[in-house]
Structures are given as structure tokens and as C-alpha cells.
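A quick write-up on the structure given underneath.
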Amino acid sequence: MSFPENILSWFNEMKAEFILNFVAGNRWKMLLNGLGNTFTMTAIALGIGIVIGILVAIIRSTYETHGKRIRSGFGRAILAIVNRICIIYTTVIRGTPMVVQLLILYYIVFASSRNGLMVASFSFGLNSGAYVSEIFRGGIMSIEKGQTEAGRSLGLNYVQTMWYIIAPQMLRNVLPTLANEFITLLKETSVAGYVAVMDLTFAGNRIRGVTFSPMMPLIAVALIYLVLVMALTWLTGKLERRLRQSDIR
């Protein structure tokens, strides 16, 4: 068989594989539905992770910075207890696998629920919150104490100082690390299939199970994830450049 005939034969085989995996039975819709669920889980988990991360970071940084200067009493005791709870939370979440956390929440904590998508989204958000909190806490602690003192000297209270002075500087410092965490979160949703949630990876695996042809659906899933990550990386780079331009101005 000549070289052109080999190429033609390979092309025909790939075409047949494509039709078998995606066209026949409208199996491409499985990937589309899986991609939609992946976006849904990532968006919900992102919101939960940011909220938890901000709260935990503020509590821990406040205790580390001002805990010893607060007068002994009920307020200091409450802050110390909440800070200890935050430490336990981040230690447990960061010290156990994501899959194990997902299984515990689905089969034990929310055993009565059959909404796997919401349980998985909450699980991913809970996991992401521990990492986001450490990113935010590191960013807050990296800001010079003089910035906080300057804000207080201008008449701003603690919340206003954090919001108008500390937070903008902290965000610029942690943005690259935070973007990497979001990309990791997107990819971590691929384990949602452990609780039978039709995410992108689970959809590709179902196609593989029906057609007994692993190459085409799994490569398609990998390429989709790659495109999504590249898009997020591009958006992050564009945001970083805009922040740097604002600093120059």
C-alpha cells in the first residue's frame, strides 16, 4: 500500500471513529451536557470558595495581627475559638483527598439528598475555600502594617480599612496564585463522576463504555479541558496587565 493510500486509510478510520463516538446516537450531546454541568459546578464552587476564603482569611489574619492586643474578655475568647475552628477546617480539608471529601458529603453528610450536582458543587466549594483562604491570608499578611495604621489614622474603621486599602493591594498580589486555584478547581470537578454526576469526564467515559473506543472520547475531553484552561490563563494575563497599567497611572 502506497503512502497516499495509507493516509487515506487512516483518515477513513478516524472519520469512522468520529461518527461512532459523536455523531451516532447524538452522543455529542452527552459531552455538551457534561460541559454544562462542569461549568455549573465550577461557578457554584467558585462562589462558595471565595466567600469561605474571605471569611477565614479575615478571621485568621485578624487574630494573628490583633489577637494579642485585644483585651481579655468575651470578644477575645470568641475570636480565639473561631480562629481555632478555621485552623482545624483548613488543616482537615488540605490534608484529605478531594475524592474522599466528596464521598463523605454525598454518602454520609447529605445521604438523604439525591441532588448530586449540588452536593458536588458544595464539596468542591468547601475544598476550594480552604486553599483560597490561605491565598488571601498570605496576601493580607504581606501588606505592610503601616497601611492599616494609615487607614485608621484617616478615620476609617477596621472594615473600611480592609475594603478600601488592604483588599485592592492584596488582590493584585495574589491574583496569579488565585487564578491557578480556579484552574485547579475546574479540573478537580472531573471527579464528580464518583457520585454519578454527569460532568465532562463522566460523559466521555460513558461514550467510551458504549462504543468500546477509548481514544476519541477521552482525547476530546482532554482537548476541551485544555481549551478551557488556556482561555482562563489568557483572561488572567489580560487582567494582570490591566492592573499593572492602573498602577502606572
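Labels used: A, B, ... for chains in the order of the C-alpha cells, numbers from 1 for residues in each chain, and numbers from 1 for ligands as shown.
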(request) Find the spatial neighbours of segment 113-118 of chain A, counting only C-alpha atoms, within a cut-off of 7 Å - ignore same-chain residues fewer than 4 positions away - and output them as a PyMOL selection string. (result) chain A and resi 41+122+195+197
(message) List as number ranges by chain the protein and nucleic acid residues near Gly49 of chain A, meaning an atom at most 6 Å away when only C-alpha atoms are counted, but skip any in the same chain fewer than 2 places from it.
(response) A: 45-47, 51-53, 125, 128-129
(request) Using only C-alpha atoms, pick whichever of A:Val191, A:Ile108, A:Ile166, A:Val100 has the shortest atom-to-atom distance to Ser121 of chain A. (result) A:Val191
(message) Given only C-alpha atoms as the basis, pick out the residue of A:Ile81, A:Val23, A:Trp28, A:Tyr107 nearest to Tyr194 of chain A.
(response)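 Smallest distance to Tyr194 of chain A is found for A:Tyr107.
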(request) Pick out the residues sitting within 7 Å of Ser123 of chain A, and hand them over as an MDAnalysis selection string; count only C-alpha atoms, and ignore anything fewer than 5 positions along from it in its own chain. (result) chainID A and resid 101:102 105
DSSP-assigned alpha helix (DSSP H) among segment 16-96 of chain A, expressed as a CSV table (one decimal) with N, CA, C and O atoms, in the first residue's frame:
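Generated output (result29.csv):
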```
chain,number,residue,atom,x,y,z
A,16,ALA,N,-14.6,7.3,10.7
A,16,ALA,CA,-15.5,6.2,11.3
A,16,ALA,C,-15.5,6.3,12.8
A,16,ALA,O,-16.6,6.2,13.4
A,17,GLU,N,-14.4,6.5,13.4
A,17,GLU,CA,-14.3,6.6,14.9
A,17,GLU,C,-15.1,7.9,15.3
A,17,GLU,O,-15.8,7.8,16.3
A,18,PHE,N,-14.9,9.0,14.6
A,18,PHE,CA,-15.6,10.2,15.0
A,18,PHE,C,-17.2,10.0,14.9
A,18,PHE,O,-17.9,10.4,15.8
A,28,TRP,N,-22.7,13.4,21.0
A,28,TRP,CA,-22.0,14.7,21.2
A,28,TRP,C,-22.8,15.5,22.3
A,28,TRP,O,-22.2,16.3,23.0
A,29,LYS,N,-24.1,15.2,22.3
A,29,LYS,CA,-24.9,15.9,23.3
A,29,LYS,C,-24.5,15.6,24.8
A,29,LYS,O,-24.7,16.4,25.7
A,30,MET,N,-24.0,14.3,24.9
A,30,MET,CA,-23.6,13.9,26.3
A,30,MET,C,-22.4,14.8,26.7
A,30,MET,O,-22.3,15.2,27.9
A,31,LEU,N,-21.5,15.1,25.8
A,31,LEU,CA,-20.4,15.9,26.1
A,31,LEU,C,-20.8,17.4,26.4
A,31,LEU,O,-20.3,18.0,27.3
A,32,LEU,N,-21.8,17.8,25.6
A,32,LEU,CA,-22.4,19.2,25.8
A,32,LEU,C,-23.0,19.3,27.2
A,32,LEU,O,-22.8,20.3,27.9
A,33,ASN,N,-23.8,18.3,27.5
A,33,ASN,CA,-24.5,18.3,28.9
A,33,ASN,C,-23.4,18.2,30.0
A,33,ASN,O,-23.6,18.9,31.0
A,34,GLY,N,-22.4,17.4,29.8
A,34,GLY,CA,-21.4,17.3,30.8
A,34,GLY,C,-20.6,18.6,30.9
A,34,GLY,O,-20.3,18.9,32.1
A,35,LEU,N,-20.4,19.2,29.8
A,35,LEU,CA,-19.7,20.5,29.9
A,35,LEU,C,-20.5,21.6,30.6
A,35,LEU,O,-20.0,22.3,31.4
A,36,GLY,N,-21.8,21.5,30.4
A,36,GLY,CA,-22.7,22.5,31.1
A,36,GLY,C,-22.7,22.2,32.6
A,36,GLY,O,-22.6,23.1,33.4
A,37,ASN,N,-22.7,20.9,33.0
A,37,ASN,CA,-22.6,20.6,34.5
A,37,ASN,C,-21.3,21.0,35.1
A,37,ASN,O,-21.2,21.4,36.2
A,38,THR,N,-20.2,20.8,34.3
A,38,THR,CA,-18.9,21.2,34.7
A,38,THR,C,-18.8,22.7,35.0
A,38,THR,O,-18.3,23.2,36.0
A,39,PHE,N,-19.4,23.5,34.1
A,39,PHE,CA,-19.5,25.0,34.3
A,39,PHE,C,-20.3,25.3,35.5
A,39,PHE,O,-19.9,26.2,36.3
A,40,THR,N,-21.4,24.6,35.7
A,40,THR,CA,-22.3,24.9,36.8
A,40,THR,C,-21.6,24.6,38.1
A,40,THR,O,-21.6,25.4,39.1
A,41,MET,N,-21.0,23.5,38.2
A,41,MET,CA,-20.3,23.1,39.5
A,41,MET,C,-19.1,24.1,39.8
A,41,MET,O,-18.9,24.5,40.9
A,42,THR,N,-18.4,24.4,38.7
A,42,THR,CA,-17.2,25.3,38.9
A,42,THR,C,-17.7,26.7,39.4
A,42,THR,O,-17.1,27.3,40.3
A,43,ALA,N,-18.8,27.2,38.8
A,43,ALA,CA,-19.3,28.5,39.1
A,43,ALA,C,-19.8,28.6,40.6
A,43,ALA,O,-19.5,29.5,41.3
A,44,ILE,N,-20.6,27.5,40.9
A,44,ILE,CA,-21.1,27.5,42.3
A,44,ILE,C,-20.0,27.3,43.3
A,44,ILE,O,-19.9,28.0,44.3
A,45,ALA,N,-19.1,26.4,43.0
A,45,ALA,CA,-18.0,26.1,43.9
A,45,ALA,C,-17.1,27.4,44.0
A,45,ALA,O,-16.5,27.7,45.1
A,46,LEU,N,-16.9,28.1,42.9
A,46,LEU,CA,-16.1,29.3,43.0
A,46,LEU,C,-16.7,30.3,43.9
A,46,LEU,O,-16.0,30.9,44.7
A,47,GLY,N,-18.0,30.5,43.8
A,47,GLY,CA,-18.7,31.5,44.7
A,47,GLY,C,-18.5,31.1,46.2
A,47,GLY,O,-18.2,31.9,47.1
A,48,ILE,N,-18.8,29.8,46.5
A,48,ILE,CA,-18.7,29.3,47.8
A,48,ILE,C,-17.2,29.4,48.3
A,48,ILE,O,-17.0,29.8,49.5
A,49,GLY,N,-16.3,29.0,47.5
A,49,GLY,CA,-14.9,29.1,47.9
A,49,GLY,C,-14.4,30.5,48.2
A,49,GLY,O,-13.6,30.7,49.1
A,50,ILE,N,-14.8,31.5,47.4
A,50,ILE,CA,-14.4,32.9,47.6
A,50,ILE,C,-15.0,33.4,48.9
A,50,ILE,O,-14.3,34.0,49.7
A,51,VAL,N,-16.3,33.1,49.2
A,51,VAL,CA,-16.9,33.6,50.4
A,51,VAL,C,-16.3,32.9,51.6
A,51,VAL,O,-15.9,33.7,52.6
A,52,ILE,N,-16.1,31.6,51.6
A,52,ILE,CA,-15.4,31.0,52.7
A,52,ILE,C,-14.0,31.5,52.9
A,52,ILE,O,-13.5,31.7,54.0
A,53,GLY,N,-13.3,31.6,51.7
A,53,GLY,CA,-11.9,32.0,51.8
A,53,GLY,C,-11.7,33.4,52.4
A,53,GLY,O,-10.8,33.6,53.2
A,54,ILE,N,-12.6,34.3,52.0
A,54,ILE,CA,-12.5,35.7,52.6
A,54,ILE,C,-12.8,35.7,54.1
A,54,ILE,O,-12.0,36.3,54.8
A,55,LEU,N,-13.8,35.0,54.5
A,55,LEU,CA,-14.2,35.0,55.9
A,55,LEU,C,-13.0,34.3,56.8
A,55,LEU,O,-12.6,34.9,57.8
A,56,VAL,N,-12.6,33.2,56.3
A,56,VAL,CA,-11.5,32.5,57.1
A,56,VAL,C,-10.2,33.3,57.1
A,56,VAL,O,-9.5,33.4,58.1
A,57,ALA,N,-9.9,33.9,55.9
A,57,ALA,CA,-8.7,34.7,55.9
A,57,ALA,C,-8.7,36.0,56.8
A,57,ALA,O,-7.8,36.3,57.5
A,58,ILE,N,-9.9,36.6,56.8
A,58,ILE,CA,-10.0,37.8,57.7
A,58,ILE,C,-9.9,37.4,59.2
A,58,ILE,O,-9.3,38.1,60.0
A,59,ILE,N,-10.6,36.3,59.5
A,59,ILE,CA,-10.6,35.8,60.9
A,59,ILE,C,-9.2,35.5,61.3
A,59,ILE,O,-8.7,36.0,62.4
A,60,ARG,N,-8.5,34.7,60.5
A,60,ARG,CA,-7.1,34.3,60.9
A,60,ARG,C,-6.1,35.4,60.9
A,60,ARG,O,-5.3,35.5,61.8
A,61,SER,N,-6.2,36.3,59.9
A,61,SER,CA,-5.2,37.4,59.8
A,61,SER,C,-5.5,38.4,60.9
A,61,SER,O,-4.6,39.0,61.5
A,62,THR,N,-6.8,38.6,61.3
A,62,THR,CA,-7.2,39.5,62.4
A,62,THR,C,-6.6,39.0,63.7
A,62,THR,O,-6.1,39.7,64.5
A,63,TYR,N,-6.8,37.7,63.9
A,63,TYR,CA,-6.3,37.1,65.2
A,63,TYR,C,-4.8,37.2,65.3
A,63,TYR,O,-4.2,37.5,66.3
A,64,GLU,N,-4.1,36.8,64.1
A,64,GLU,CA,-2.7,36.9,64.1
A,64,GLU,C,-2.1,38.3,64.3
A,64,GLU,O,-1.0,38.4,64.9
A,65,THR,N,-2.8,39.3,63.8
A,65,THR,CA,-2.3,40.6,63.8
A,65,THR,C,-2.7,41.4,65.1
A,65,THR,O,-1.9,42.1,65.7
A,66,HIS,N,-4.0,41.2,65.5
A,66,HIS,CA,-4.5,42.0,66.6
A,66,HIS,C,-5.0,41.1,67.8
A,66,HIS,O,-5.4,41.7,68.8
A,74,PHE,N,-14.8,38.4,76.7
A,74,PHE,CA,-15.6,37.5,75.9
A,74,PHE,C,-15.3,37.6,74.4
A,74,PHE,O,-15.2,36.6,73.7
A,75,GLY,N,-15.0,38.9,73.9
A,75,GLY,CA,-14.7,39.1,72.5
A,75,GLY,C,-13.4,38.3,72.1
A,75,GLY,O,-13.4,37.7,71.0
A,76,ARG,N,-12.4,38.5,72.9
A,76,ARG,CA,-11.2,37.8,72.6
A,76,ARG,C,-11.3,36.3,72.6
A,76,ARG,O,-10.7,35.6,71.8
A,77,ALA,N,-12.1,35.8,73.6
A,77,ALA,CA,-12.3,34.3,73.7
A,77,ALA,C,-13.1,33.8,72.4
A,77,ALA,O,-12.7,32.8,71.9
A,78,ILE,N,-14.1,34.5,72.0
A,78,ILE,CA,-14.8,34.1,70.8
A,78,ILE,C,-13.9,34.1,69.6
A,78,ILE,O,-13.9,33.2,68.7
A,79,LEU,N,-13.1,35.2,69.4
A,79,LEU,CA,-12.2,35.3,68.3
A,79,LEU,C,-11.2,34.1,68.3
A,79,LEU,O,-10.9,33.5,67.2
A,80,ALA,N,-10.7,33.8,69.5
A,80,ALA,CA,-9.7,32.7,69.6
A,80,ALA,C,-10.4,31.3,69.2
A,80,ALA,O,-9.8,30.5,68.5
A,81,ILE,N,-11.6,31.1,69.6
A,81,ILE,CA,-12.3,29.9,69.3
A,81,ILE,C,-12.6,29.8,67.8
A,81,ILE,O,-12.4,28.7,67.2
A,82,VAL,N,-13.1,30.9,67.2
A,82,VAL,CA,-13.4,30.9,65.8
A,82,VAL,C,-12.1,30.7,65.0
A,82,VAL,O,-12.1,30.0,64.0
A,83,ASN,N,-11.0,31.3,65.4
A,83,ASN,CA,-9.7,31.2,64.7
A,83,ASN,C,-9.3,29.7,64.8
A,83,ASN,O,-8.8,29.2,63.8
A,84,ARG,N,-9.5,29.0,65.9
A,84,ARG,CA,-9.1,27.6,66.1
A,84,ARG,C,-9.9,26.8,65.2
A,84,ARG,O,-9.4,25.8,64.5
A,85,ILE,N,-11.2,27.1,65.0
A,85,ILE,CA,-12.1,26.3,64.1
A,85,ILE,C,-11.6,26.5,62.7
A,85,ILE,O,-11.6,25.5,61.9
A,86,CYS,N,-11.2,27.7,62.3
A,86,CYS,CA,-10.7,27.9,61.0
A,86,CYS,C,-9.4,27.2,60.7
A,86,CYS,O,-9.2,26.6,59.6
A,87,ILE,N,-8.6,27.1,61.7
A,87,ILE,CA,-7.3,26.3,61.5
A,87,ILE,C,-7.6,24.8,61.3
A,87,ILE,O,-7.0,24.2,60.5
A,88,ILE,N,-8.6,24.3,62.1
A,88,ILE,CA,-8.9,22.9,62.0
A,88,ILE,C,-9.5,22.6,60.6
A,88,ILE,O,-9.2,21.6,60.0
A,89,TYR,N,-10.4,23.6,60.2
A,89,TYR,CA,-11.0,23.4,58.9
A,89,TYR,C,-10.0,23.4,57.7
A,89,TYR,O,-10.0,22.4,56.9
A,90,THR,N,-9.1,24.3,57.7
A,90,THR,CA,-8.1,24.3,56.7
A,90,THR,C,-7.1,23.1,56.7
A,90,THR,O,-6.7,22.5,55.7
A,91,THR,N,-6.8,22.7,57.9
A,91,THR,CA,-5.9,21.5,58.1
A,91,THR,C,-6.6,20.2,57.6
A,91,THR,O,-6.0,19.4,56.9
A,92,VAL,N,-7.9,20.0,58.0
A,92,VAL,CA,-8.6,18.8,57.6
A,92,VAL,C,-8.8,18.8,56.1
A,92,VAL,O,-8.6,17.8,55.4
A,93,ILE,N,-9.3,19.9,55.5
A,93,ILE,CA,-9.6,20.0,54.1
A,93,ILE,C,-8.3,19.8,53.2
A,93,ILE,O,-8.3,19.1,52.2
A,94,ARG,N,-7.2,20.5,53.6
A,94,ARG,CA,-6.0,20.4,52.8
A,94,ARG,C,-5.3,19.1,53.1
A,94,ARG,O,-4.4,18.7,52.3
A,95,GLY,N,-5.6,18.4,54.1
A,95,GLY,CA,-4.9,17.1,54.5
A,95,GLY,C,-5.6,15.9,54.0
A,95,GLY,O,-5.1,14.8,54.2
```
(message) Excluding segment 231-245 of chain A and its own-chain neighbours fewer than 6 positions away, which residues fall within 12 Å of it when counting only C-alpha atoms? Please give them as number ranges by chain.
(response) A: 168-169, 171-187, 224-225
(request) Determine, counting only C-alpha atoms, which protein, DNA and RNA residues have an atom within 7 Å of an atom of Asn21 of chain A; residues of the same chain fewer than 6 positions away are not included. Present the result as number ranges by chain. (result) A: 27, 207, 211, 217
(request) Would you work out the distance separating atom CA of Pro97 of chain A from atom CA of Gly193 of chain A, expressed in Å to one decimal? (result)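 These two atoms are separated by 15.2 Å.
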(request) Please indicate the distance in Å from atom CA of Ala192 of chain A to atom CA of Leu103 of chain A, rounded to one decimal place. (result)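 Atom-to-atom, atom CA of Ala192 of chain A to atom CA of Leu103 of chain A, that is 9.5 Å.
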(message) When you count only C-alpha atoms, which of these residues is closest to Asn205 of chain A: A:Gln160, A:Leu218, A:Ala24, A:Ile104?
(response)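 Closest candidate: A:Leu218.
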